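Heads up, the thing below is written out as C-alpha cells.
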Amino acid sequence: MKVFNLKCEHGHPFEGWFKSHVAFEDQQSRGLLACPFCDSRVIEKTLSAPRLNLSGAQSDVSPDLVPKTSATTDGQSSPSARFAAHPQAAALAVALDLVRQMLAQSEDVGDRFPEEARAMHADEIPVRAIHGSASLDTAQELAEEGIPIVAIPFPGLLKTPLQ
C-alpha cells in the first residue's frame, strides 16, 4: 500500500492510499481523484516521508486508522468515509458538501438578501430558498425581527467558485 500526501489546486492537503504508484497515476489520469474539501479534480502529489514495511515486521498502524471506503451512488466515496480516521477533516468535508447543496438549491440574490428576506417574511413575495450577503449588523437585525437566517461558516465562500 502506498500513502501519498496530496493537495488540490486550491492548496487543500489530504492523504491518498493506493495499491501502487501505477494505481495513483491511473486514477489521476482518469480524473477519479477528488479533493475531499472542494471536490477539485486537479490533484498533485506533495513531499512525503518514506515509510518502509519490512517483511515479518509487525504493523504499527491501528486498524482504526486505515481509511474506510463507502461508495456513493456516483461511485465516489463519501466525505465521512474518506476521512473516518480524521474526524475534523471529515466534518469539514461534510460541511462543505452541505454548503454546496444549499447553494445549488437556492437563488443568489446578492446584496438584496436583507430586502428579499424581509419581503418574504412579510408575505409580500413568495417564499423561496435564497442566499446572498449581509453585514453582521444587518444579520443581527434580521434575527431580532424573527426572520430565520443561517450564516454560512466559510467567509468569502460565495465570492469564489465551489469546484
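Residue numbers start at 1 in each chain; chains themselves are named A, B, ... in the order of the C-alpha cells; ligands are numbered from 1 in the order shown.
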
Which residues come within 7 Å of A:Val3, counting only C-alpha atoms, excluding same-chain residues fewer than 6 positions away, as a list in words?
-> Glu15, Gly16, Trp17 and Phe18 of chain A

Using only C-alpha atoms, determine which residues lie at most 12 Å from A:Leu33, disregarding the query and same-chain residues fewer than 2 positions distant; provide the list as an mmCIF file with C-alpha atoms, in the first residue's frame.
data_model
loop_
_atom_site.group_PDB
_atom_site.id
_atom_site.type_symbol
_atom_site.label_atom_id
_atom_site.label_comp_id
_atom_site.auth_asym_id
_atom_site.auth_seq_id
_atom_site.Cartn_x
_atom_site.Cartn_y
_atom_site.Cartn_z
ATOM 1 C CA LEU A 6 -1.752 15.124 -1.958
ATOM 2 C CA LYS A 7 -3.142 18.592 -2.457
ATOM 3 C CA CYS A 8 -5.653 20.156 -4.815
ATOM 4 C CA PHE A 14 -5.062 15.333 2.207
ATOM 5 C CA GLU A 15 -3.791 11.746 2.065
ATOM 6 C CA GLY A 16 -4.382 9.160 -0.616
ATOM 7 C CA TRP A 17 -3.882 5.401 -0.237
ATOM 8 C CA PHE A 18 -3.117 3.442 -3.406
ATOM 9 C CA ALA A 23 -2.634 2.863 -9.488
ATOM 10 C CA PHE A 24 -2.241 6.509 -8.415
ATOM 11 C CA GLU A 25 -1.190 7.575 -11.928
ATOM 12 C CA ASP A 26 -4.090 5.636 -13.468
ATOM 13 C CA GLN A 27 -6.701 7.182 -11.155
ATOM 14 C CA GLN A 28 -5.234 10.650 -11.637
ATOM 15 C CA SER A 29 -5.233 10.360 -15.454
ATOM 16 C CA ARG A 30 -8.864 9.176 -15.439
ATOM 17 C CA GLY A 31 -9.980 12.085 -13.232
ATOM 18 C CA CYS A 35 -10.280 16.849 -3.101
ATOM 19 C CA PRO A 36 -12.458 15.953 -0.098
ATOM 20 C CA CYS A 38 -13.713 21.296 -2.504
ATOM 21 C CA ASP A 39 -14.131 18.345 -4.916
ATOM 22 C CA SER A 40 -11.458 19.745 -7.270
ATOM 23 C CA ARG A 41 -10.152 17.144 -9.720
ATOM 24 C CA VAL A 42 -6.771 18.888 -10.153
ATOM 25 C CA ILE A 43 -4.642 16.878 -7.708
ATOM 26 C CA GLU A 44 -0.882 16.720 -7.265
ATOM 27 C CA LYS A 45 1.480 14.809 -5.003
ATOM 28 C CA GLY A 75 -19.081 5.708 -7.439
ATOM 29 C CA GLN A 76 -17.232 8.262 -5.300
ATOM 30 C CA SER A 77 -16.595 7.638 -1.640
ATOM 31 C CA ARG A 82 -12.808 9.047 3.115
#

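Between atom CA of A:Phe113 and atom CA of A:Ala134 there is a distance of 6.6 Å.
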
Mind giving me the straight-line distance from atom CA of A:Gly11 to atom CA of A:Leu47 in Å, one decimal?
->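 Computed distance, atom CA of A:Gly11 to atom CA of A:Leu47, equals 13.5 Å.
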
Selected residue of minimal separation from A:Thr46 among A:Leu32, A:Asp111, A:Phe4, A:Lys19, counting only C-alpha atoms |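 With only C-alpha atoms as the atom set, the closest residue is A:Phe4.
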
With distances taken over only C-alpha atoms, which of A:Ile152, A:Ala34, A:Met1, A:Ala117 is nearest to A:Leu96?
-> A:Ile152

Nearest-residue call for A:Ala119, choices A:Leu142, A:Ser48, A:Ala93, A:Lys2, using only C-alpha atoms =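 Among the listed residues, A:Leu142 lies closest to A:Ala119.
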
Using only C-alpha atoms, which of A:Leu92, A:Val22, A:Leu103, A:Leu98 sits nearest A:Ala129?
->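 Of all the options, A:Leu103 lies closest to A:Ala129.
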
Tell me, in Å to one decimal, how far atom CA of A:Phe37 is from atom CA of A:Asp97.
-> 8.0 Å

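Residues of stretch 95-159 of chain A carrying a DSSP assignment of strand (DSSP E or B), computed from the backbone, are Glu107, Asp108, Val109, Gly110, Ile130, His131 and Gly132 of chain A.
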
Restricting it to C-alpha atoms, dump the selection as a PDB file, in the first residue's frame.
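Okay, this is what ended up in part-v4.pdb:
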ATOM      1  CA  GLU A 107     -31.279  31.631  -5.615  1.00  0.00           C
ATOM      2  CA  ASP A 108     -28.374  34.077  -5.295  1.00  0.00           C
ATOM      3  CA  VAL A 109     -29.886  37.483  -4.533  1.00  0.00           C
ATOM      4  CA  GLY A 110     -26.529  39.067  -3.665  1.00  0.00           C
ATOM      5  CA  ILE A 130     -32.286  32.361  -1.254  1.00  0.00           C
ATOM      6  CA  HIS A 131     -28.710  33.181  -0.399  1.00  0.00           C
ATOM      7  CA  GLY A 132     -26.736  36.382  -0.538  1.00  0.00           C
TER       8      GLY A 132
END
